[in-house]
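*Asks:* Next up, run02.cif (mmCIF, C-alpha atoms and all ligand atoms).
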```
data_work
#
loop_
_atom_site.label_atom_id
_atom_site.label_comp_id
_atom_site.auth_asym_id
_atom_site.auth_seq_id
_atom_site.Cartn_x
_atom_site.Cartn_y
_atom_site.Cartn_z
CA MET A 277 -127.42 -110.27 -66.22
CA GLY A 278 -129.95 -110.02 -63.41
CA LYS A 279 -128.04 -107.02 -62.10
CA TYR A 280 -128.48 -105.17 -65.39
CA PRO A 281 -131.79 -106.28 -66.91
CA PHE A 282 -131.93 -103.31 -69.31
CA THR A 283 -128.77 -104.20 -71.26
CA LYS A 284 -128.46 -105.35 -74.84
CA GLU A 285 -126.85 -108.52 -73.54
CA THR A 286 -130.01 -109.34 -71.56
CA GLN A 287 -132.29 -108.57 -74.47
CA ASP A 288 -130.21 -110.82 -76.75
CA TYR A 289 -130.36 -113.58 -74.16
CA ARG A 290 -134.13 -113.41 -74.04
CA LEU A 291 -134.46 -113.39 -77.80
CA LEU A 292 -132.17 -116.38 -78.05
CA ARG A 293 -134.23 -118.34 -75.56
CA GLN A 294 -137.46 -117.06 -77.09
CA ASN A 295 -138.47 -116.26 -73.58
CA TYR A 296 -141.77 -114.49 -73.08
CA ILE A 297 -144.80 -114.49 -70.81
CA ALA A 298 -148.25 -113.76 -72.16
CA GLU A 299 -150.13 -111.03 -70.32
CA GLU A 300 -152.96 -113.41 -69.44
CA ASP A 301 -150.43 -115.70 -67.71
CA LEU A 302 -149.23 -113.07 -65.27
CA LEU A 303 -151.72 -114.05 -62.57
CA LYS A 304 -150.89 -117.75 -62.69
CA SER A 305 -149.44 -119.04 -59.44
CA GLU A 306 -146.18 -120.17 -61.06
CA PHE A 307 -145.43 -116.54 -61.89
CA THR A 308 -146.24 -115.11 -58.46
CA ILE A 309 -142.57 -114.91 -57.54
CA LEU A 310 -141.99 -112.70 -60.60
CA THR A 311 -145.00 -110.45 -60.11
CA ASP A 312 -144.23 -110.06 -56.37
CA ARG A 313 -140.71 -108.89 -57.12
CA ALA A 314 -142.03 -106.61 -59.90
CA LYS A 315 -144.45 -104.99 -57.46
CA SER A 316 -141.77 -104.61 -54.82
CA ARG A 317 -139.51 -102.87 -57.36
CA ILE A 318 -142.23 -100.28 -58.02
CA LEU A 319 -143.23 -99.84 -54.39
CA GLN A 320 -139.59 -99.36 -53.37
CA SER A 321 -139.27 -96.64 -56.00
CA LEU A 322 -142.23 -94.82 -54.45
CA GLU A 323 -141.28 -95.35 -50.83
CA LYS A 324 -137.48 -95.27 -50.80
CA GLY A 325 -136.51 -93.79 -54.15
CA ILE A 326 -134.22 -96.72 -54.93
CA VAL A 327 -134.85 -100.33 -55.92
CA ASP A 328 -133.08 -102.83 -53.67
CA PHE A 329 -130.22 -104.81 -55.10
CA LEU A 330 -130.64 -108.45 -54.08
CA PRO A 331 -127.31 -110.13 -54.90
CA ASP A 332 -128.60 -113.63 -54.15
CA MET A 333 -131.73 -113.33 -56.24
CA ASP A 334 -132.04 -115.69 -59.23
CA PRO A 335 -131.05 -113.65 -62.34
CA GLU A 336 -134.12 -114.93 -64.21
CA ILE A 337 -136.36 -113.43 -61.53
CA GLU A 338 -134.54 -110.12 -61.75
CA ILE A 339 -134.78 -110.01 -65.54
CA TRP A 340 -138.46 -110.91 -65.63
CA SER A 341 -139.56 -108.82 -62.69
CA PHE A 342 -137.92 -105.79 -64.32
CA SER A 343 -139.86 -106.36 -67.57
CA ILE A 344 -143.13 -106.87 -65.71
CA ALA A 345 -142.54 -103.75 -63.59
CA MET A 346 -141.86 -101.72 -66.75
CA TYR A 347 -145.08 -103.00 -68.26
CA ILE A 348 -147.14 -102.12 -65.17
CA VAL A 349 -145.61 -98.65 -64.78
CA ALA A 350 -146.08 -97.80 -68.46
CA ALA A 351 -149.66 -99.06 -68.43
CA ILE A 352 -150.59 -97.04 -65.32
CA GLY A 353 -149.56 -94.03 -67.39
CA ASP A 354 -148.66 -91.63 -64.59
CA SER A 355 -145.73 -89.30 -65.31
CA TYR A 356 -144.73 -88.97 -61.63
CA LEU A 357 -144.55 -92.78 -61.30
CA ARG A 358 -142.63 -93.12 -64.58
CA ARG A 359 -139.96 -90.59 -63.52
CA ARG A 360 -139.73 -91.98 -60.03
CA TYR A 361 -139.39 -95.58 -61.19
CA ALA A 362 -136.76 -94.77 -63.84
CA LEU A 363 -134.74 -92.86 -61.26
CA ALA A 364 -134.99 -95.62 -58.62
CA GLU A 365 -133.83 -98.31 -61.06
CA ALA A 366 -130.97 -96.08 -62.22
CA LYS A 367 -129.87 -95.52 -58.63
CA ARG A 368 -129.82 -99.27 -58.04
CA VAL A 369 -127.62 -99.66 -61.12
CA TYR A 370 -125.23 -96.96 -59.90
CA GLU A 371 -124.80 -98.68 -56.53
CA ILE A 372 -123.78 -101.91 -58.30
CA LEU A 373 -121.70 -100.34 -61.05
CA ARG A 374 -119.48 -98.26 -58.79
CA THR A 375 -117.94 -101.42 -57.35
CA ASP A 376 -118.31 -103.75 -60.32
CA GLN A 377 -115.44 -104.76 -62.59
CA ARG A 378 -114.07 -102.10 -64.88
CA GLU A 379 -114.71 -104.42 -67.83
CA ARG A 380 -118.42 -104.53 -66.98
CA LEU A 381 -118.80 -100.74 -67.09
CA PHE A 382 -117.00 -100.64 -70.40
CA LYS A 383 -119.19 -103.35 -71.93
CA ILE A 384 -122.46 -101.68 -70.89
CA ALA A 385 -121.26 -98.27 -72.07
CA VAL A 386 -120.26 -99.59 -75.49
CA GLU A 387 -122.79 -102.32 -76.22
CA THR A 388 -125.95 -100.87 -74.73
CA PHE A 389 -125.39 -97.13 -75.07
CA ASN A 390 -122.91 -96.90 -77.95
CA TRP A 391 -120.59 -94.65 -75.99
CA ASN A 392 -117.31 -93.67 -77.55
CA ILE A 393 -115.17 -94.64 -74.56
CA LYS A 394 -111.57 -95.84 -74.16
CA LYS A 395 -109.89 -97.93 -71.51
CA GLU A 396 -106.39 -96.88 -72.46
CA MET A 397 -105.04 -93.43 -73.28
CA PRO A 398 -101.58 -91.89 -73.19
CA ASN A 399 -101.10 -89.89 -69.94
CA PHE A 400 -103.96 -91.71 -68.29
CA GLY A 401 -102.21 -91.75 -64.96
CA GLU A 402 -103.26 -93.91 -62.08
CA GLN A 403 -106.26 -91.94 -60.99
CA TYR A 404 -108.30 -92.44 -64.18
CA ASP A 405 -110.06 -95.53 -65.50
CA PHE A 406 -111.74 -94.31 -68.68
CA ALA A 407 -111.69 -91.60 -71.32
CA LEU A 408 -115.08 -90.64 -72.73
CA HIS A 409 -115.72 -88.62 -75.86
CA PHE A 410 -116.94 -85.18 -74.85
CA VAL A 411 -120.21 -85.56 -76.80
CA ASN A 412 -121.25 -88.56 -74.68
CA TYR A 413 -119.91 -86.79 -71.62
CA LEU A 414 -121.97 -83.64 -72.14
CA ALA A 415 -125.10 -85.60 -73.04
CA ASN A 416 -125.14 -86.89 -69.46
CA ALA A 417 -123.16 -84.45 -67.34
CA LEU A 418 -124.88 -81.22 -68.43
CA ILE A 419 -127.66 -81.57 -65.88
CA PHE A 420 -125.27 -82.02 -62.95
CA GLN A 421 -124.98 -78.94 -60.78
CA ASP A 422 -121.65 -79.66 -59.11
CA ASP A 423 -118.79 -77.61 -60.60
CA ARG A 424 -116.57 -80.67 -60.87
CA TRP A 425 -118.71 -81.81 -63.86
CA LYS A 426 -118.23 -78.58 -65.82
CA LEU A 427 -116.15 -79.24 -68.91
CA VAL A 428 -113.74 -76.43 -68.04
CA ASN A 429 -112.88 -78.27 -64.84
CA ARG A 430 -112.14 -81.58 -66.57
CA LEU A 431 -108.97 -83.03 -67.97
CA LEU A 432 -109.67 -83.13 -71.71
CA THR A 433 -107.29 -84.61 -74.29
CA ASN A 434 -108.07 -84.97 -78.00
CA SER A 435 -111.82 -84.61 -77.35
CA TYR A 436 -111.82 -87.23 -74.58
CA VAL A 437 -112.67 -86.49 -70.94
CA PHE A 438 -110.76 -88.50 -68.34
CA LEU A 439 -112.93 -90.19 -65.74
CA THR A 440 -112.64 -92.31 -62.63
CA ARG A 441 -114.70 -95.47 -62.31
CA GLU A 442 -117.09 -93.79 -59.86
CA GLU A 443 -117.65 -90.87 -62.25
CA THR A 444 -118.25 -93.24 -65.14
CA ALA A 445 -120.79 -95.14 -63.03
CA ARG A 446 -122.55 -91.83 -62.23
CA LEU A 447 -122.76 -90.90 -65.91
CA LEU A 448 -124.07 -94.37 -66.72
CA GLU A 449 -126.69 -93.94 -64.01
CA GLU A 450 -127.96 -90.88 -65.85
CA GLU A 451 -127.92 -92.76 -69.16
CA VAL A 452 -129.89 -95.65 -67.62
CA ARG A 453 -132.42 -93.23 -66.16
CA LYS A 454 -133.02 -91.60 -69.54
CA PHE A 455 -133.15 -94.98 -71.26
CA ILE A 456 -135.79 -96.39 -68.89
CA GLU A 457 -137.77 -93.17 -68.96
CA SER A 458 -137.85 -93.14 -72.75
CA ARG A 459 -139.05 -96.76 -72.78
CA LEU A 460 -141.78 -95.96 -70.28
CA ASP A 461 -142.89 -92.94 -72.28
CA LYS A 462 -143.65 -95.15 -75.27
CA THR A 463 -147.05 -96.02 -73.88
CA ASP A 464 -148.43 -96.63 -77.38
CA ALA A 465 -146.95 -100.10 -77.08
CA ILE A 466 -149.28 -100.88 -74.18
CA ILE A 467 -152.48 -102.29 -75.59
CA HIS A 468 -153.70 -104.16 -72.54
CA ILE A 469 -154.40 -102.86 -69.08
CA PRO A 470 -152.57 -104.91 -66.43
CA PRO A 471 -154.83 -107.04 -64.27
CA SER A 472 -156.19 -105.01 -61.35
CA GLU A 473 -154.64 -107.53 -58.96
CA LEU A 474 -151.27 -106.24 -60.13
CA SER A 475 -151.95 -102.56 -60.44
CA ASP A 476 -154.46 -101.68 -57.68
CA GLU A 477 -151.99 -101.89 -54.84
CA ILE A 478 -149.53 -99.77 -56.80
CA ARG A 479 -152.17 -97.15 -57.55
CA ARG A 480 -152.98 -96.93 -53.83
CA HIS A 481 -149.33 -96.40 -52.95
CA LEU A 482 -149.01 -93.90 -55.77
CA ASP A 483 -151.92 -91.87 -54.36
CA LEU A 484 -150.29 -91.92 -50.93
CA ALA A 485 -146.91 -90.87 -52.32
CA ARG A 486 -148.55 -88.05 -54.22
CA LYS A 487 -150.43 -86.82 -51.16
CA LYS A 488 -147.20 -86.89 -49.19
CA VAL A 489 -145.58 -84.67 -51.81
CA GLU A 490 -148.58 -82.36 -51.96
CA TYR A 491 -149.33 -82.00 -48.28
CA GLU A 492 -146.16 -82.74 -46.34
CA GLU A 493 -143.16 -81.90 -48.45
CA LEU A 494 -144.33 -78.85 -50.28
CA PRO A 495 -144.51 -75.21 -49.19
CA LYS A 496 -147.06 -74.64 -46.48
CA ASN A 497 -147.32 -70.89 -46.59
CA ALA A 498 -147.72 -70.53 -50.33
CA ILE A 499 -150.95 -70.65 -52.30
CA ILE A 500 -150.17 -72.89 -55.21
CA GLU A 501 -153.41 -72.01 -57.00
CA ALA A 502 -152.16 -68.41 -57.23
CA TYR A 503 -148.93 -69.26 -59.09
CA PRO A 504 -148.76 -67.93 -62.65
CA SER A 505 -148.72 -70.67 -65.30
CA CYS A 506 -144.96 -70.28 -65.96
CA ILE A 507 -144.12 -70.99 -62.32
CA ARG A 508 -146.78 -73.67 -61.99
CA GLN A 509 -145.25 -75.56 -64.90
CA LEU A 510 -141.73 -75.37 -63.43
CA TYR A 511 -143.10 -76.45 -60.08
CA ASP A 512 -144.99 -79.45 -61.54
CA HIS A 513 -141.85 -80.54 -63.40
CA VAL A 514 -139.78 -80.48 -60.23
CA VAL A 515 -142.40 -82.45 -58.31
CA ALA A 516 -142.39 -85.07 -61.08
CA GLY A 517 -138.57 -85.29 -60.86
CA GLN A 518 -138.00 -83.68 -64.28
CA HIS A 519 -135.06 -81.47 -64.98
CA LEU A 520 -135.21 -77.72 -65.24
CA SER A 521 -132.93 -75.46 -67.22
CA HIS A 522 -130.64 -73.23 -65.22
CA LEU A 523 -133.00 -70.28 -65.74
CA GLY A 524 -135.99 -72.44 -64.84
CA ARG A 525 -134.40 -73.41 -61.52
CA PHE A 526 -133.45 -69.83 -60.83
CA ALA A 527 -136.95 -68.52 -61.65
CA LEU A 528 -138.67 -71.11 -59.48
CA THR A 529 -136.29 -70.72 -56.54
CA THR A 530 -136.40 -66.92 -56.52
CA PHE A 531 -140.17 -66.93 -56.87
CA LEU A 532 -140.69 -69.34 -53.98
CA PHE A 533 -138.24 -67.56 -51.73
CA ASN A 534 -139.85 -64.18 -52.42
CA ILE A 535 -143.32 -65.42 -51.52
CA GLY A 536 -142.09 -66.68 -48.16
CA VAL A 537 -141.19 -70.33 -48.75
CA THR A 538 -138.28 -71.31 -46.52
CA VAL A 539 -134.86 -72.50 -47.70
CA ASP A 540 -135.56 -75.96 -46.19
CA GLU A 541 -138.84 -76.28 -48.07
CA ILE A 542 -137.24 -75.27 -51.36
CA VAL A 543 -134.38 -77.73 -50.88
CA LYS A 544 -136.89 -80.50 -50.15
CA LEU A 545 -138.78 -79.66 -53.31
CA PHE A 546 -135.71 -80.41 -55.43
CA ALA A 547 -135.07 -83.76 -53.74
CA ASN A 548 -136.80 -85.69 -56.56
CA GLN A 549 -134.25 -84.58 -59.15
CA SER A 550 -131.86 -87.30 -60.27
CA ASP A 551 -128.82 -85.08 -59.70
CA PHE A 552 -130.03 -83.94 -56.28
CA ASN A 553 -127.18 -83.04 -53.98
CA GLU A 554 -128.51 -81.59 -50.76
CA LYS A 555 -125.36 -79.66 -49.88
CA MET A 556 -125.07 -78.10 -53.31
CA THR A 557 -128.80 -77.31 -53.59
CA ARG A 558 -128.82 -75.73 -50.15
CA TYR A 559 -125.81 -73.60 -51.02
CA GLN A 560 -127.47 -72.38 -54.23
CA VAL A 561 -130.79 -71.63 -52.55
CA GLU A 562 -129.07 -69.78 -49.69
CA HIS A 563 -127.08 -67.82 -52.24
CA ILE A 564 -130.28 -66.78 -54.03
CA ALA A 565 -131.91 -65.98 -50.70
CA GLY A 566 -129.02 -63.63 -49.86
CA SER A 567 -127.76 -65.50 -46.81
CA LYS A 568 -124.59 -66.64 -48.65
CA GLY A 569 -122.16 -65.12 -51.14
CA SER A 570 -122.92 -61.60 -52.35
CA LYS A 571 -125.83 -61.22 -49.85
CA THR A 572 -128.03 -60.04 -52.71
CA LYS A 573 -131.64 -61.16 -52.45
CA TYR A 574 -132.60 -62.07 -55.98
CA LYS A 575 -135.99 -61.53 -57.57
CA PRO A 576 -137.44 -63.79 -60.30
CA PRO A 577 -136.52 -62.74 -63.85
CA ASN A 578 -139.03 -60.43 -65.52
CA CYS A 579 -141.66 -61.82 -67.86
CA ASP A 580 -139.75 -60.49 -70.90
CA THR A 581 -136.73 -62.60 -69.98
CA LEU A 582 -138.86 -65.67 -69.29
CA ARG A 583 -140.62 -65.14 -72.61
CA THR A 584 -137.29 -64.91 -74.47
CA HIS A 585 -136.33 -68.29 -73.01
CA GLY A 586 -139.63 -69.96 -73.81
CA LEU A 587 -140.73 -70.18 -70.17
CA CYS A 588 -143.67 -67.77 -70.38
CA LEU A 589 -146.91 -69.59 -71.15
CA LEU A 590 -149.28 -66.59 -71.21
CA ARG A 591 -152.19 -68.93 -70.70
CA VAL A 592 -154.55 -66.56 -68.97
CA GLU A 593 -155.84 -63.14 -69.75
CA GLU A 594 -154.67 -61.82 -66.34
CA CYS A 595 -151.08 -62.31 -67.48
CA ARG A 596 -151.33 -59.84 -70.36
CA LYS A 597 -150.03 -56.77 -68.56
CA ILE A 598 -147.87 -58.53 -65.99
CA LYS A 599 -144.18 -57.64 -65.82
CA ASN A 600 -143.00 -60.18 -63.25
CA PRO A 601 -144.45 -63.46 -61.91
CA LEU A 602 -144.44 -61.97 -58.40
CA VAL A 603 -146.87 -59.28 -59.52
CA TYR A 604 -149.23 -61.93 -60.83
CA TYR A 605 -149.02 -63.84 -57.55
CA GLY A 606 -149.54 -60.72 -55.45
CA ARG A 607 -152.71 -59.81 -57.33
CA LYS A 608 -154.06 -63.31 -57.44
CA VAL A 609 -153.39 -64.10 -53.83
CA ARG A 610 -155.60 -61.19 -52.73
CA THR A 611 -158.55 -62.91 -54.37
CA TYR A 612 -158.01 -65.83 -51.94
CA GLY A 613 -158.01 -63.61 -48.90
S1 LIG B 701 -146.69 -63.18 -68.34
FE1 LIG B 701 -145.16 -63.41 -66.74
S2 LIG B 701 -146.26 -64.32 -65.06
FE2 LIG B 701 -147.50 -64.67 -66.84
S3 LIG B 701 -146.89 -66.68 -67.61
FE3 LIG B 701 -145.65 -65.15 -68.66
S4 LIG B 701 -143.79 -64.99 -67.47
FE4 LIG B 701 -145.32 -65.99 -66.19
#
```
Write out the structure in this file as structure tokens.
*Replies:*
Amino acid sequence: MGKYPFTKETQDYRLLRQNYIAEEDLLKSEFTILTDRAKSRILQSLEKGIVDFLPDMDPEIEIWSFSIAMYIVAAIGDSYLRRRYALAEAKRVYEILRTDQRERLFKIAVETFNWNIKKEMPNFGEQYDFALHFVNYLANALIFQDDRWKLVNRLLTNSYVFLTREETARLLEEEVRKFIESRLDKTDAIIHIPPSELSDEIRRHLDLARKKVEYEELPKNAIIEAYPSCIRQLYDHVVAGQHLSHLGRFALTTFLFNIGVTVDEIVKLFANQSDFNEKMTRYQVEHIAGSKGSKTKYKPPNCDTLRTHGLCLLRVEECRKIKNPLVYYGRKVRTYG
């Protein structure tokens, strides 16, 4: 259970044992081992992007440290930290699931996430381990960029998509990420602020991580303050690790490329996304930049198109007569010269 502290099985176990820790007890010395592991979970998410799996760790410590970490992250109330933590925990789960017993994947899929999944199907063949109903499949695979996840490229029988164990683990990773993120977003449940002894260190690391994103990883030759609001919103979402629609990705990538941001810098920008695949992202960015495929250098979609897809925010008066985000940037950037 310590490996999968988010599952229904773990929650039932805690309810059965009526196990809880009062917030005021968190700083007591007997709980230091739990709070230390909780803090390390969060710091690892900021520094490495994945929470370590410690196979020899006492399951009770893993279960409790996960709950305490969730509490601290939700209470700090920072969307970048929430996304980053959810993703790092989900990546840890994927690393364990891909080599865990087939039975274990099945149990988590059914009991915790209510997936309509089968272990046996006619014509399964040796290469497949599961068959997942296409509704559950699409709910998790739609954000993946790799063509192998497209429904047209899958073996589909009677509404079920055939999957290997590794693919099932990857889809579960996405489900776990969404599950943790949705729990963390329910900040209404947090009525107490965690003791500063627990949260101060994390806030410091969060500030450092943020600065690293702002000053080291992001475009150096672009003036962010001159982005129109539509692009700024897409950009902020990517930095926070949130997903963009296909058009959103295209608009942001074409915009950045056209204002002089390099392919490497754009690829780095997308690294926070849960489905990040460097090879695939690089290929797509190079394609848009015209160095691959049709050699066409694409421009961002016009404002009319962005408006039709709900991506135009029209927040400022200067946007009123703008036809393309690049025009806005070009005008605005002159005011910084
Ligand atoms: S008018 Fe154009 S530049 Fe301005 S927010 Fe809308 S889409 Fe972006």
*Asks:* Sorted by chain and rising residue number, which residues of chain A lie within 6 Å of ligand LIG 701 (chain B), and what are their closest atom pairs and distances in Å to one decimal, counting only C-alpha atoms and all ligand atoms, as JSON lines?
*Replies:*
```
{"residue": "A:Pro504", "atom": "CA", "partner": "B:LIG701", "partner_atom": "S2", "distance": 5.0}
{"residue": "A:Ser505", "atom": "CA", "partner": "B:LIG701", "partner_atom": "S3", "distance": 5.0}
{"residue": "A:Cys506", "atom": "CA", "partner": "B:LIG701", "partner_atom": "FE4", "distance": 4.3}
{"residue": "A:Cys579", "atom": "CA", "partner": "B:LIG701", "partner_atom": "S4", "distance": 3.8}
{"residue": "A:Leu582", "atom": "CA", "partner": "B:LIG701", "partner_atom": "S4", "distance": 5.3}
{"residue": "A:Cys588", "atom": "CA", "partner": "B:LIG701", "partner_atom": "FE3", "distance": 3.7}
{"residue": "A:Leu589", "atom": "CA", "partner": "B:LIG701", "partner_atom": "S3", "distance": 4.6}
{"residue": "A:Leu590", "atom": "CA", "partner": "B:LIG701", "partner_atom": "S3", "distance": 4.3}
{"residue": "A:Cys595", "atom": "CA", "partner": "B:LIG701", "partner_atom": "FE2", "distance": 4.3}
{"residue": "A:Ile598", "atom": "CA", "partner": "B:LIG701", "partner_atom": "S1", "distance": 5.3}
{"residue": "A:Lys599", "atom": "CA", "partner": "B:LIG701", "partner_atom": "FE1", "distance": 5.9}
{"residue": "A:Asn600", "atom": "CA", "partner": "B:LIG701", "partner_atom": "FE1", "distance": 5.2}
{"residue": "A:Pro601", "atom": "CA", "partner": "B:LIG701", "partner_atom": "S2", "distance": 3.7}
{"residue": "A:Tyr604", "atom": "CA", "partner": "B:LIG701", "partner_atom": "S2", "distance": 5.7}
```
*Asks:* Taking into account all atoms listed in the file, which residue in the set A:Phe546, A:Phe282, A:Tyr503, A:Phe552 is nearest to Phe455 in chain A?
*Replies:*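 Of the candidates, the smallest distance to Phe455 in chain A is held by A:Phe282.
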*Asks:* Quick one: pull the distance between CA of Thr611 in chain A and CA of Leu587 in chain A, Å, one decimal.
*Replies:* 24.9 Å
*Asks:* If we count all atoms listed in the file, what is near range 403-410 of chain A at a cut-off of 10 Å, once residues fewer than 6 positions away on the same chain are taken out, given as a short mmCIF file (atom, residue, chain, number, x, y, z; two decimals) with C-alpha atoms, in the frame of the given file?
*Replies:*
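Result written to selection.cif:
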```cif
data_model
loop_
_atom_site.label_atom_id
_atom_site.label_comp_id
_atom_site.auth_asym_id
_atom_site.auth_seq_id
_atom_site.Cartn_x
_atom_site.Cartn_y
_atom_site.Cartn_z
CA ARG A 378 -114.07 -102.10 -64.88
CA LEU A 381 -118.80 -100.74 -67.09
CA PHE A 382 -117.00 -100.64 -70.40
CA ALA A 385 -121.26 -98.27 -72.07
CA TRP A 391 -120.59 -94.65 -75.99
CA ASN A 392 -117.31 -93.67 -77.55
CA ILE A 393 -115.17 -94.64 -74.56
CA LYS A 394 -111.57 -95.84 -74.16
CA LYS A 395 -109.89 -97.93 -71.51
CA GLU A 396 -106.39 -96.88 -72.46
CA MET A 397 -105.04 -93.43 -73.28
CA ASN A 416 -125.14 -86.89 -69.46
CA ALA A 417 -123.16 -84.45 -67.34
CA LEU A 427 -116.15 -79.24 -68.91
CA LEU A 431 -108.97 -83.03 -67.97
CA LEU A 432 -109.67 -83.13 -71.71
CA THR A 433 -107.29 -84.61 -74.29
CA ASN A 434 -108.07 -84.97 -78.00
CA SER A 435 -111.82 -84.61 -77.35
CA TYR A 436 -111.82 -87.23 -74.58
CA VAL A 437 -112.67 -86.49 -70.94
CA PHE A 438 -110.76 -88.50 -68.34
CA LEU A 439 -112.93 -90.19 -65.74
CA THR A 440 -112.64 -92.31 -62.63
CA ARG A 441 -114.70 -95.47 -62.31
CA GLU A 442 -117.09 -93.79 -59.86
CA GLU A 443 -117.65 -90.87 -62.25
CA THR A 444 -118.25 -93.24 -65.14
#
```
*Asks:* Counting all atoms listed in the file, figure out which residue out of A:Val543, A:Leu520, A:Leu460, A:Val609 gets nearest to Ile500 in chain A.
*Replies:* A:Val609
*Asks:* I'd like a table as CSV: residues in range 454-559 of chain A with an atom no more than 10 Å from range 303-326 of chain A, each row giving the shortest atom pair and its distance in Å to one decimal, all atoms listed in the file counted, sorted by chain and rising residue number.
*Replies:*
```
residue,atom,partner,partner_atom,distance
A:Pro470,CA,A:Leu303,CA,10.0
A:Pro471,CA,A:Leu303,CA,7.9
A:Glu473,CA,A:Leu303,CA,8.0
A:Leu474,CA,A:Lys315,CA,7.4
A:Ser475,CA,A:Lys315,CA,8.4
A:Glu477,CA,A:Lys315,CA,8.6
A:Ile478,CA,A:Leu319,CA,6.7
A:Arg479,CA,A:Leu319,CA,9.9
A:His481,CA,A:Leu319,CA,7.1
A:Leu482,CA,A:Leu322,CA,7.0
A:Leu484,CA,A:Leu322,CA,9.3
A:Ala485,CA,A:Leu322,CA,6.5
A:Arg486,CA,A:Leu322,CA,9.3
A:Asn548,CA,A:Gly325,CA,8.5
```
*Asks:* Do you know which residues are at most 8 Å from range 371-376 of chain A counting all atoms listed in the file, after dropping those on the same chain fewer than 3 positions away, and could you put them as a list in words?
*Replies:* Lys279, Phe329, Lys367, Arg368, Arg380, Leu381, Arg441, Glu442, Ala445 and Arg446 of chain A
*Asks:* Restricting the calculation to all atoms listed in the file: of A:Gly566, A:Ala527, A:Leu414, A:Tyr511, which residue gets closest to Leu545 in chain A?
*Replies:* A:Tyr511
*Asks:* If we count only C-alpha atoms and set the cut-off at 10 Å, which residues sit around Ser458 in chain A, ignoring sequence neighbours fewer than 5 positions away in its own chain? Please answer as a list in words.
*Replies:*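 Residues meeting the cut-off are Arg358, Arg359, Ala362, Val452, Arg453 and Thr463 of chain A.
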*Asks:* Find, counting all atoms listed in the file, the residue in A:Tyr356, A:Tyr605, A:Trp340, A:Tyr574 that gets nearest to Asp461 in chain A.
*Replies:* A:Tyr356
*Asks:* Work out how far apart CA of Glu457 in chain A and CA of Asp332 in chain A are and give it in Å to one decimal.
*Replies:*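 Computing the Euclidean distance for CA of Glu457 in chain A and CA of Asp332 in chain A yields 26.9 Å.
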*Asks:* To one decimal place in Å, what is the distance between CA of Thr584 in chain A and CA of Thr557 in chain A?
*Replies:*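 We find that CA of Thr584 in chain A and CA of Thr557 in chain A lie 25.7 Å from each other.
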*Asks:* I need the residue nearest Lys555 in chain A from this list: A:Asp540, A:Asp328, A:Glu336, A:Glu501. Use all atoms listed in the file for the distance.
*Replies:*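 Answer, going by the shortest atom-to-atom distance: A:Asp540.
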*Asks:* I'd like to know which of A:Arg525, A:Arg508, A:Lys568, A:Lys462 is closest to Ser355 in chain A, using all atoms listed in the file.
*Replies:* A:Lys462
*Asks:* Provide an axis-aligned box for all listed atoms of range 301-316 of chain A, padding each side by 6 Å; report its centre and its edge lengths in Å to one decimal, as lines of an AutoDock Vina configuration file.
*Replies:*
```
center_x = -146.2
center_y = -112.4
center_z = -61.3
size_x = 23.0
size_y = 27.6
size_z = 24.9
```
*Asks:* Please provide as a ChimeraX atom specification all residues within 8 Å of Gln518 in chain A, with the sequence filter that same-chain residues fewer than 4 positions apart are discarded (counting all atoms listed in the file).
*Replies:* /A:359,513-514,549
*Asks:* For the selection you just gave me, I'd like the residues written to a file as an mmCIF file, in the coordinates of the input, keeping C-alpha atoms.
*Replies:*
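The resulting result15.cif:
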```cif
data_model
loop_
_atom_site.group_PDB
_atom_site.id
_atom_site.type_symbol
_atom_site.label_atom_id
_atom_site.label_comp_id
_atom_site.auth_asym_id
_atom_site.auth_seq_id
_atom_site.Cartn_x
_atom_site.Cartn_y
_atom_site.Cartn_z
ATOM 1 C CA ARG A 359 -139.960 -90.590 -63.520
ATOM 2 C CA HIS A 513 -141.850 -80.540 -63.400
ATOM 3 C CA VAL A 514 -139.780 -80.480 -60.230
ATOM 4 C CA GLN A 549 -134.250 -84.580 -59.150
#
```
*Asks:* Taking N, CA and C atoms as the atom set, what does range 450-457 of chain A look like once completed, written as a compact mmCIF listing (two decimals), keeping the file's coordinate frame?
*Replies:*
```txt
# COMPACT_ATOMS: atom_id res chain seq x y z
N GLU A 450 -127.13 -91.85 -65.15
CA GLU A 450 -127.96 -90.88 -65.85
C GLU A 450 -128.44 -91.44 -67.19
N GLU A 451 -127.55 -92.16 -67.88
CA GLU A 451 -127.92 -92.76 -69.16
C GLU A 451 -129.01 -93.81 -68.96
N VAL A 452 -128.88 -94.61 -67.91
CA VAL A 452 -129.89 -95.65 -67.62
C VAL A 452 -131.22 -94.99 -67.29
N ARG A 453 -131.18 -93.92 -66.51
CA ARG A 453 -132.42 -93.23 -66.16
C ARG A 453 -133.15 -92.74 -67.42
N LYS A 454 -132.39 -92.12 -68.32
CA LYS A 454 -133.02 -91.60 -69.54
C LYS A 454 -133.56 -92.74 -70.40
N PHE A 455 -132.78 -93.82 -70.45
CA PHE A 455 -133.15 -94.98 -71.26
C PHE A 455 -134.47 -95.58 -70.76
N ILE A 456 -134.57 -95.79 -69.45
CA ILE A 456 -135.79 -96.39 -68.89
C ILE A 456 -136.97 -95.44 -69.06
N GLU A 457 -136.71 -94.16 -68.82
CA GLU A 457 -137.77 -93.17 -68.96
C GLU A 457 -138.31 -93.13 -70.39
```
